[in-house]
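S.K.: My structure file start-v9.pdb, PDB, C-alpha atoms, is below:
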```pdb
ATOM      1  CA  MET A  66       0.000   0.000   0.000  1.00  0.00           C
ATOM      2  CA  THR A  67       1.303   3.419  -0.910  1.00  0.00           C
ATOM      3  CA  SER A  68       1.891   5.842   1.913  1.00  0.00           C
ATOM      4  CA  PHE A  69       1.304   9.517   1.315  1.00  0.00           C
ATOM      5  CA  PRO A  70       3.204  12.301   3.033  1.00  0.00           C
ATOM      6  CA  PRO A  71       1.227  14.308   5.587  1.00  0.00           C
ATOM      7  CA  PHE A  72      -0.425  17.542   4.541  1.00  0.00           C
ATOM      8  CA  PRO A  73       2.010  20.442   4.577  1.00  0.00           C
ATOM      9  CA  PRO A  74       1.724  22.869   7.468  1.00  0.00           C
ATOM     10  CA  SER A  75      -0.047  26.116   6.610  1.00  0.00           C
ATOM     11  CA  HIS A  76       3.244  28.043   6.364  1.00  0.00           C
ATOM     12  CA  HIS A  77       4.250  25.747   3.472  1.00  0.00           C
ATOM     13  CA  LEU A  78       1.149  26.468   1.443  1.00  0.00           C
ATOM     14  CA  PRO A  79       1.762  28.165  -1.881  1.00  0.00           C
ATOM     15  CA  ALA A  80       1.271  31.913  -1.946  1.00  0.00           C
ATOM     16  CA  LEU A  81      -1.887  33.234  -3.565  1.00  0.00           C
ATOM     17  CA  THR A  82      -1.166  34.298  -7.112  1.00  0.00           C
ATOM     18  CA  CYS A  83      -2.898  36.369  -9.700  1.00  0.00           C
ATOM     19  CA  ALA A  84      -5.226  34.234 -11.821  1.00  0.00           C
ATOM     20  CA  CYS A  85      -4.268  35.666 -15.188  1.00  0.00           C
ATOM     21  CA  PHE A  86      -2.181  33.278 -17.221  1.00  0.00           C
ATOM     22  CA  ARG A  87       0.840  35.432 -18.065  1.00  0.00           C
ATOM     23  CA  ALA A  88       4.086  34.159 -16.591  1.00  0.00           C
ATOM     24  CA  SER A  89       4.931  37.696 -15.474  1.00  0.00           C
ATOM     25  CA  CYS A  90       1.772  37.743 -13.366  1.00  0.00           C
ATOM     26  CA  ARG A  91       2.343  34.478 -11.454  1.00  0.00           C
ATOM     27  CA  GLU A  92       3.938  36.382  -8.582  1.00  0.00           C
ATOM     28  CA  PRO A  93       2.595  36.213  -5.030  1.00  0.00           C
ATOM     29  CA  ILE A  94      -0.141  38.742  -4.363  1.00  0.00           C
ATOM     30  CA  PRO A  95       1.101  41.274  -1.803  1.00  0.00           C
ATOM     31  CA  PRO A  96      -1.291  42.577   0.832  1.00  0.00           C
ATOM     32  CA  ARG A  97      -3.702  45.076  -0.692  1.00  0.00           C
ATOM     33  CA  ARG A  98      -3.242  48.719   0.089  1.00  0.00           C
ATOM     34  CA  PHE A  99      -6.590  49.729   1.463  1.00  0.00           C
ATOM     35  CA  ASN A 100      -7.995  49.770   4.937  1.00  0.00           C
ATOM     36  CA  MET A 101     -10.960  48.010   6.497  1.00  0.00           C
ATOM     37  CA  ALA A 102     -12.858  51.301   6.699  1.00  0.00           C
ATOM     38  CA  ASP A 103     -12.944  51.341   2.875  1.00  0.00           C
ATOM     39  CA  ALA A 104     -14.284  47.781   2.791  1.00  0.00           C
ATOM     40  CA  ALA A 105     -16.880  48.545   5.454  1.00  0.00           C
ATOM     41  CA  ALA A 106     -17.975  51.680   3.564  1.00  0.00           C
ATOM     42  CA  ALA A 107     -18.799  49.664   0.430  1.00  0.00           C
ATOM     43  CA  PRO A 108     -22.515  49.871  -0.352  1.00  0.00           C
ATOM     44  CA  VAL A 109     -24.537  46.961   1.030  1.00  0.00           C
ATOM     45  CA  GLY A 110     -25.769  44.612  -1.660  1.00  0.00           C
ATOM     46  CA  THR A 111     -22.998  45.258  -4.175  1.00  0.00           C
ATOM     47  CA  VAL A 112     -21.554  42.314  -6.083  1.00  0.00           C
ATOM     48  CA  ARG A 113     -17.883  41.960  -6.986  1.00  0.00           C
ATOM     49  CA  CYS A 114     -16.538  40.444 -10.209  1.00  0.00           C
ATOM     50  CA  TYR A 115     -12.992  39.434 -11.068  1.00  0.00           C
ATOM     51  CA  VAL A 116     -11.814  40.551 -14.518  1.00  0.00           C
ATOM     52  CA  GLY A 117      -8.739  38.877 -15.990  1.00  0.00           C
ATOM     53  CA  ASN A 118      -6.448  38.986 -19.015  1.00  0.00           C
ATOM     54  CA  LEU A 119      -6.384  42.788 -19.045  1.00  0.00           C
ATOM     55  CA  SER A 120      -3.918  44.696 -21.154  1.00  0.00           C
ATOM     56  CA  TRP A 121      -1.302  46.536 -19.108  1.00  0.00           C
ATOM     57  CA  ALA A 122      -2.575  49.776 -20.681  1.00  0.00           C
ATOM     58  CA  VAL A 123      -6.024  49.421 -19.065  1.00  0.00           C
ATOM     59  CA  ASP A 124      -6.606  51.732 -16.095  1.00  0.00           C
ATOM     60  CA  ASP A 125      -9.526  52.016 -13.654  1.00  0.00           C
ATOM     61  CA  GLU A 126     -11.455  54.519 -15.772  1.00  0.00           C
ATOM     62  CA  THR A 127     -11.094  52.568 -19.048  1.00  0.00           C
ATOM     63  CA  LEU A 128     -12.252  49.385 -17.352  1.00  0.00           C
ATOM     64  CA  LYS A 129     -15.163  51.147 -15.652  1.00  0.00           C
ATOM     65  CA  ALA A 130     -16.331  52.625 -18.975  1.00  0.00           C
ATOM     66  CA  HIS A 131     -16.195  49.162 -20.602  1.00  0.00           C
ATOM     67  CA  MET A 132     -18.066  47.476 -17.743  1.00  0.00           C
ATOM     68  CA  GLU A 133     -20.756  50.171 -17.538  1.00  0.00           C
ATOM     69  CA  THR A 134     -22.176  48.889 -20.833  1.00  0.00           C
ATOM     70  CA  VAL A 135     -24.038  46.227 -18.792  1.00  0.00           C
ATOM     71  CA  GLY A 136     -24.913  48.064 -15.581  1.00  0.00           C
ATOM     72  CA  THR A 137     -24.009  50.461 -12.797  1.00  0.00           C
ATOM     73  CA  VAL A 138     -20.382  50.118 -11.720  1.00  0.00           C
ATOM     74  CA  VAL A 139     -19.840  51.100  -8.094  1.00  0.00           C
ATOM     75  CA  SER A 140     -16.045  50.780  -8.347  1.00  0.00           C
ATOM     76  CA  SER A 141     -13.320  49.330 -10.536  1.00  0.00           C
ATOM     77  CA  ASN A 142      -9.845  48.609  -9.250  1.00  0.00           C
ATOM     78  CA  VAL A 143      -7.030  47.360 -11.509  1.00  0.00           C
ATOM     79  CA  MET A 144      -4.592  45.388  -9.336  1.00  0.00           C
ATOM     80  CA  ARG A 145      -1.041  46.712  -9.379  1.00  0.00           C
ATOM     81  CA  LYS A 146       2.371  45.403  -8.387  1.00  0.00           C
ATOM     82  CA  GLY A 147       4.531  47.205  -5.852  1.00  0.00           C
ATOM     83  CA  ASP A 148       6.194  49.227  -8.631  1.00  0.00           C
ATOM     84  CA  GLY A 149       2.806  50.439  -9.932  1.00  0.00           C
ATOM     85  CA  ARG A 150       2.606  48.213 -13.030  1.00  0.00           C
ATOM     86  CA  SER A 151      -0.695  46.477 -13.769  1.00  0.00           C
ATOM     87  CA  LYS A 152      -1.052  42.804 -12.845  1.00  0.00           C
ATOM     88  CA  GLY A 153      -3.470  42.305 -15.734  1.00  0.00           C
ATOM     89  CA  CYS A 154      -6.499  41.707 -13.531  1.00  0.00           C
ATOM     90  CA  ALA A 155      -9.061  43.770 -11.633  1.00  0.00           C
ATOM     91  CA  ILE A 156     -12.027  43.757  -9.268  1.00  0.00           C
ATOM     92  CA  VAL A 157     -15.218  45.469 -10.475  1.00  0.00           C
ATOM     93  CA  GLU A 158     -18.126  46.069  -8.128  1.00  0.00           C
ATOM     94  CA  PHE A 159     -21.678  46.214  -9.530  1.00  0.00           C
ATOM     95  CA  SER A 160     -24.747  47.559  -7.757  1.00  0.00           C
ATOM     96  CA  THR A 161     -26.823  44.376  -8.255  1.00  0.00           C
ATOM     97  CA  ALA A 162     -26.270  40.653  -8.721  1.00  0.00           C
ATOM     98  CA  ALA A 163     -28.221  40.777 -12.003  1.00  0.00           C
ATOM     99  CA  GLU A 164     -25.766  43.310 -13.430  1.00  0.00           C
ATOM    100  CA  ALA A 165     -22.821  41.172 -12.337  1.00  0.00           C
ATOM    101  CA  ALA A 166     -24.359  38.096 -13.989  1.00  0.00           C
ATOM    102  CA  LYS A 167     -24.991  40.122 -17.142  1.00  0.00           C
ATOM    103  CA  ALA A 168     -21.346  41.255 -17.136  1.00  0.00           C
ATOM    104  CA  LYS A 169     -20.168  37.657 -16.843  1.00  0.00           C
ATOM    105  CA  ALA A 170     -22.462  36.521 -19.665  1.00  0.00           C
ATOM    106  CA  GLU A 171     -21.983  39.431 -22.072  1.00  0.00           C
ATOM    107  CA  LEU A 172     -18.477  40.761 -21.431  1.00  0.00           C
ATOM    108  CA  THR A 173     -16.493  37.520 -21.226  1.00  0.00           C
ATOM    109  CA  ASP A 174     -14.422  37.220 -24.433  1.00  0.00           C
ATOM    110  CA  THR A 175     -14.993  40.856 -25.386  1.00  0.00           C
ATOM    111  CA  GLU A 176     -11.968  42.828 -26.527  1.00  0.00           C
ATOM    112  CA  LEU A 177     -10.537  45.650 -24.429  1.00  0.00           C
ATOM    113  CA  GLU A 178      -7.323  47.389 -25.518  1.00  0.00           C
ATOM    114  CA  GLY A 179      -6.513  44.524 -27.892  1.00  0.00           C
ATOM    115  CA  ARG A 180      -7.058  41.605 -25.457  1.00  0.00           C
ATOM    116  CA  LYS A 181     -10.019  39.304 -24.864  1.00  0.00           C
ATOM    117  CA  ILE A 182     -10.982  39.626 -21.209  1.00  0.00           C
ATOM    118  CA  PHE A 183     -12.845  37.202 -18.968  1.00  0.00           C
ATOM    119  CA  VAL A 184     -15.255  38.005 -16.146  1.00  0.00           C
ATOM    120  CA  ARG A 185     -16.156  35.742 -13.229  1.00  0.00           C
ATOM    121  CA  GLU A 186     -17.577  36.010  -9.733  1.00  0.00           C
ATOM    122  CA  ASP A 187     -14.985  37.251  -7.243  1.00  0.00           C
ATOM    123  CA  LYS A 188     -14.200  34.474  -4.772  1.00  0.00           C
ATOM    124  CA  GLU A 189     -12.542  36.647  -2.127  1.00  0.00           C
ATOM    125  CA  PRO A 190     -14.539  38.442   0.552  1.00  0.00           C
ATOM    126  CA  ALA A 191     -14.184  42.234   0.387  1.00  0.00           C
ATOM    127  CA  GLY A 192     -10.985  43.295   2.154  1.00  0.00           C
ATOM    128  CA  ALA A 193      -9.621  39.748   2.469  1.00  0.00           C
ATOM    129  CA  PHE A 194      -6.056  40.889   1.805  1.00  0.00           C
ATOM    130  CA  ALA A 195      -6.231  44.038   3.925  1.00  0.00           C
ATOM    131  CA  ALA A 196      -4.111  42.483   6.648  1.00  0.00           C
ATOM    132  CA  GLY A 197      -2.369  39.766   4.657  1.00  0.00           C
ATOM    133  CA  PRO A 198      -3.520  36.331   3.583  1.00  0.00           C
ATOM    134  CA  SER A 199      -3.660  34.873   7.118  1.00  0.00           C
ATOM    135  CA  LYS A 200      -6.454  37.230   8.176  1.00  0.00           C
ATOM    136  CA  VAL A 201     -10.108  37.030   7.246  1.00  0.00           C
ATOM    137  CA  ALA A 202     -12.222  40.038   6.287  1.00  0.00           C
ATOM    138  CA  SER A 203     -13.283  40.742   9.880  1.00  0.00           C
ATOM    139  CA  GLY A 204      -9.635  41.201  10.888  1.00  0.00           C
ATOM    140  CA  THR A 205      -9.612  38.221  13.257  1.00  0.00           C
ATOM    141  CA  PRO A 206      -6.979  35.499  12.908  1.00  0.00           C
ATOM    142  CA  GLY A 207      -8.164  32.555  10.852  1.00  0.00           C
ATOM    143  CA  THR A 208      -6.859  29.200   9.713  1.00  0.00           C
ATOM    144  CA  SER A 209      -6.107  27.956   6.216  1.00  0.00           C
ATOM    145  CA  LEU A 210      -6.528  24.283   5.429  1.00  0.00           C
ATOM    146  CA  TYR A 211      -4.940  22.390   2.533  1.00  0.00           C
ATOM    147  CA  ILE A 212      -7.328  19.832   1.009  1.00  0.00           C
ATOM    148  CA  GLY A 213      -5.696  17.278  -1.274  1.00  0.00           C
ATOM    149  CA  ASN A 214      -6.740  14.361  -3.455  1.00  0.00           C
ATOM    150  CA  LEU A 215      -9.829  16.143  -4.766  1.00  0.00           C
ATOM    151  CA  ALA A 216     -11.821  14.694  -7.646  1.00  0.00           C
ATOM    152  CA  TRP A 217     -11.117  16.548 -10.906  1.00  0.00           C
ATOM    153  CA  GLU A 218     -14.684  17.862 -11.160  1.00  0.00           C
ATOM    154  CA  VAL A 219     -14.761  19.483  -7.667  1.00  0.00           C
ATOM    155  CA  THR A 220     -15.204  23.273  -7.853  1.00  0.00           C
ATOM    156  CA  TRP A 221     -14.506  25.999  -5.300  1.00  0.00           C
ATOM    157  CA  GLN A 222     -18.267  26.210  -4.654  1.00  0.00           C
ATOM    158  CA  ASP A 223     -18.414  22.465  -3.842  1.00  0.00           C
ATOM    159  CA  LEU A 224     -15.535  22.908  -1.399  1.00  0.00           C
ATOM    160  CA  LYS A 225     -17.169  25.935   0.221  1.00  0.00           C
ATOM    161  CA  ASP A 226     -20.515  24.104   0.508  1.00  0.00           C
ATOM    162  CA  LEU A 227     -18.770  21.149   2.166  1.00  0.00           C
ATOM    163  CA  PHE A 228     -17.386  23.356   4.956  1.00  0.00           C
ATOM    164  CA  THR A 229     -20.283  25.850   5.287  1.00  0.00           C
ATOM    165  CA  ASP A 230     -21.282  24.620   8.756  1.00  0.00           C
ATOM    166  CA  LYS A 231     -17.645  24.923   9.916  1.00  0.00           C
ATOM    167  CA  GLY A 232     -17.405  28.692   9.311  1.00  0.00           C
ATOM    168  CA  VAL A 233     -15.563  28.759   5.981  1.00  0.00           C
ATOM    169  CA  VAL A 234     -14.977  32.269   4.610  1.00  0.00           C
ATOM    170  CA  TYR A 235     -13.008  31.350   1.463  1.00  0.00           C
ATOM    171  CA  ALA A 236     -12.508  28.256  -0.649  1.00  0.00           C
ATOM    172  CA  ASP A 237     -10.598  27.724  -3.864  1.00  0.00           C
ATOM    173  CA  VAL A 238      -9.632  24.771  -6.040  1.00  0.00           C
ATOM    174  CA  LYS A 239      -6.336  25.317  -7.832  1.00  0.00           C
ATOM    175  CA  PHE A 240      -6.134  24.952 -11.609  1.00  0.00           C
ATOM    176  CA  GLY A 241      -3.135  24.603 -13.886  1.00  0.00           C
ATOM    177  CA  ARG A 242      -2.391  26.821 -16.859  1.00  0.00           C
ATOM    178  CA  ASP A 243      -4.172  24.312 -19.076  1.00  0.00           C
ATOM    179  CA  GLY A 244      -7.405  24.967 -17.159  1.00  0.00           C
ATOM    180  CA  ARG A 245      -7.571  21.529 -15.545  1.00  0.00           C
ATOM    181  CA  SER A 246      -7.913  21.003 -11.809  1.00  0.00           C
ATOM    182  CA  ARG A 247      -4.671  20.261  -9.972  1.00  0.00           C
ATOM    183  CA  GLY A 248      -6.577  18.086  -7.485  1.00  0.00           C
ATOM    184  CA  TRP A 249      -6.111  20.276  -4.414  1.00  0.00           C
ATOM    185  CA  GLY A 250      -7.591  23.346  -2.818  1.00  0.00           C
ATOM    186  CA  ILE A 251      -7.511  25.739   0.105  1.00  0.00           C
ATOM    187  CA  ALA A 252     -10.261  26.538   2.602  1.00  0.00           C
ATOM    188  CA  ARG A 253      -9.983  29.470   4.987  1.00  0.00           C
ATOM    189  CA  PHE A 254     -11.952  29.547   8.257  1.00  0.00           C
ATOM    190  CA  GLU A 255     -12.955  32.306  10.680  1.00  0.00           C
ATOM    191  CA  THR A 256     -11.474  30.542  13.710  1.00  0.00           C
ATOM    192  CA  PRO A 257      -8.926  27.762  14.272  1.00  0.00           C
ATOM    193  CA  GLU A 258     -11.663  25.504  15.701  1.00  0.00           C
TER
END
```
Hey, can you dump this file as structure tokens for me?
M.R.:
Amino acid sequence: MTSFPPFPPSHHLPALTCACFRASCREPIPPRRFNMADAAAAPVGTVRCYVGNLSWAVDDETLKAHMETVGTVVSSNVMRKGDGRSKGCAIVEFSTAAEAAKAKAELTDTELEGRKIFVREDKEPAGAFAAGPSKVASGTPGTSLYIGNLAWEVTWQDLKDLFTDKGVVYADVKFGRDGRSRGWGIARFETPE
């Protein structure tokens, strides 16, 4: 019988990386530069979308103008590296879930500044990186759990649903550059219990 090594401790987990598929963008995501007051001031009921494969020339205003073709954009934020260069991805906040769904349906594979973008639901809670990846949105210490040997068809939503009664605040299944599941994921919880 084959013996498998134990799960790696949480400090050996891979760093979160930008989801766009450029090699230059596969760097660890540094803590975001905004405070919890900004996250708390976000209008109640807004829905966040992740936009990927952006041209480096796209700024917040260009993206907002493109996304406003499907609904009211509350905010658009192109993610930037420490030196100010674009990471090629962004978070766009819509005023309703219907507008966010419309953006996903109608704006995925549209061209912006010469590149076909994609739009999906944002998996991170607002402000999740405000205090670094080991903190949850409320600012209290949390625990990350590595889950291995997942079936290829398991999605982040399946993982989150599995741990809903345990206080999960984030779940993600990791995919390779070819778009196939790598068979493992991460779940983040509010408390160590």
S.K.: I'd like the residues picked by the PyMOL selection byres ((chain A and resi 213) around 9) written out as a CSV table (one decimal) with C-alpha atoms, in the frame of the given file, using the chain letters and numbers from the file.
M.R.:
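Dumped everything to expr-v8.csv:
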```csv
chain,number,residue,atom,x,y,z
A,72,PHE,CA,-0.4,17.5,4.5
A,211,TYR,CA,-4.9,22.4,2.5
A,212,ILE,CA,-7.3,19.8,1.0
A,214,ASN,CA,-6.7,14.4,-3.5
A,215,LEU,CA,-9.8,16.1,-4.8
A,248,GLY,CA,-6.6,18.1,-7.5
A,249,TRP,CA,-6.1,20.3,-4.4
A,250,GLY,CA,-7.6,23.3,-2.8
A,251,ILE,CA,-7.5,25.7,0.1
```
S.K.: Need the shell around Val184 (chain A): protein/DNA/RNA residues with any atom at most 12 Å away, counting only C-alpha atoms. Skip same-chain ones fewer than 5 positions apart. Format as a PDB file with C-alpha atoms, in the coordinates of the input?
M.R.:
```
ATOM      1  CA  ALA A  84      -5.226  34.234 -11.821  1.00  0.00           C
ATOM      2  CA  CYS A  85      -4.268  35.666 -15.188  1.00  0.00           C
ATOM      3  CA  ARG A 113     -17.883  41.960  -6.986  1.00  0.00           C
ATOM      4  CA  CYS A 114     -16.538  40.444 -10.209  1.00  0.00           C
ATOM      5  CA  TYR A 115     -12.992  39.434 -11.068  1.00  0.00           C
ATOM      6  CA  VAL A 116     -11.814  40.551 -14.518  1.00  0.00           C
ATOM      7  CA  GLY A 117      -8.739  38.877 -15.990  1.00  0.00           C
ATOM      8  CA  ASN A 118      -6.448  38.986 -19.015  1.00  0.00           C
ATOM      9  CA  LEU A 119      -6.384  42.788 -19.045  1.00  0.00           C
ATOM     10  CA  LEU A 128     -12.252  49.385 -17.352  1.00  0.00           C
ATOM     11  CA  MET A 132     -18.066  47.476 -17.743  1.00  0.00           C
ATOM     12  CA  CYS A 154      -6.499  41.707 -13.531  1.00  0.00           C
ATOM     13  CA  ALA A 155      -9.061  43.770 -11.633  1.00  0.00           C
ATOM     14  CA  ILE A 156     -12.027  43.757  -9.268  1.00  0.00           C
ATOM     15  CA  VAL A 157     -15.218  45.469 -10.475  1.00  0.00           C
ATOM     16  CA  GLU A 158     -18.126  46.069  -8.128  1.00  0.00           C
ATOM     17  CA  ALA A 165     -22.821  41.172 -12.337  1.00  0.00           C
ATOM     18  CA  ALA A 166     -24.359  38.096 -13.989  1.00  0.00           C
ATOM     19  CA  LYS A 167     -24.991  40.122 -17.142  1.00  0.00           C
ATOM     20  CA  ALA A 168     -21.346  41.255 -17.136  1.00  0.00           C
ATOM     21  CA  LYS A 169     -20.168  37.657 -16.843  1.00  0.00           C
ATOM     22  CA  ALA A 170     -22.462  36.521 -19.665  1.00  0.00           C
ATOM     23  CA  GLU A 171     -21.983  39.431 -22.072  1.00  0.00           C
ATOM     24  CA  LEU A 172     -18.477  40.761 -21.431  1.00  0.00           C
ATOM     25  CA  THR A 173     -16.493  37.520 -21.226  1.00  0.00           C
ATOM     26  CA  ASP A 174     -14.422  37.220 -24.433  1.00  0.00           C
ATOM     27  CA  THR A 175     -14.993  40.856 -25.386  1.00  0.00           C
ATOM     28  CA  GLU A 176     -11.968  42.828 -26.527  1.00  0.00           C
TER      29      GLU A 176
END
```
S.K.: Of the candidates A:Met144, A:Val138, A:Val233, A:Ile182, which shows the shortest atom-to-atom distance to Val112 (chain A), using all atoms listed in the file?
M.R.: A:Val138
S.K.: Give as a PyMOL selection string each residue that has an atom at most 8 Å from (-11.0, 28.2, 6.0) in the file, counting only C-alpha atoms.
M.R.: chain A and resi 207-210+232-236+251-255
S.K.: Between CA of Ser141 (chain A) and CA of Lys188 (chain A), what distance in Å does the model show, to one decimal?
M.R.: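 Pair CA of Ser141 (chain A) / CA of Lys188 (chain A) returns 16.0 Å.
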S.K.: Take CA of Gly241 (chain A) and CA of Asp124 (chain A) and report the distance between them in Å, one decimal.
M.R.: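 Between these atoms lies a distance of 27.4 Å.
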S.K.: Hey, can you pull every residue with an atom no more than 12 Å from (-28.3, 50.5, -9.3), using all atoms listed in the file, and send it as an MDAnalysis selection string?
M.R.: chainID A and resid 108:112 133 135:139 158:165
S.K.: Measure the distance from CA of Thr220 (chain A) to CA of Phe240 (chain A) in Å and round it to one decimal.
M.R.: 10.0 Å
S.K.: The centre and edge lengths of an axis-aligned box containing all atoms of region 214-224 of chain A present in the file, extended by 6 Å on each side, are to be given in Å to one decimal, as JSON.
M.R.:
```
{"center_x": -12.6, "center_y": 20.3, "center_z": -6.3, "size_x": 23.7, "size_y": 23.8, "size_z": 21.8}
```
S.K.: Between A:Gly244, A:Gly147, A:Gly153, A:Pro257, which residue has the minimum interatomic distance to Lys181 (chain A), considering only C-alpha atoms?
M.R.: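 The answer is A:Gly153, which sits nearest to Lys181 (chain A).
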S.K.: A:Ser151, A:Thr134, A:Thr127, A:Ser120: which is nearest Arg180 (chain A), counting only C-alpha atoms?
M.R.: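 So, comparing all the options, the nearest one is A:Ser120.
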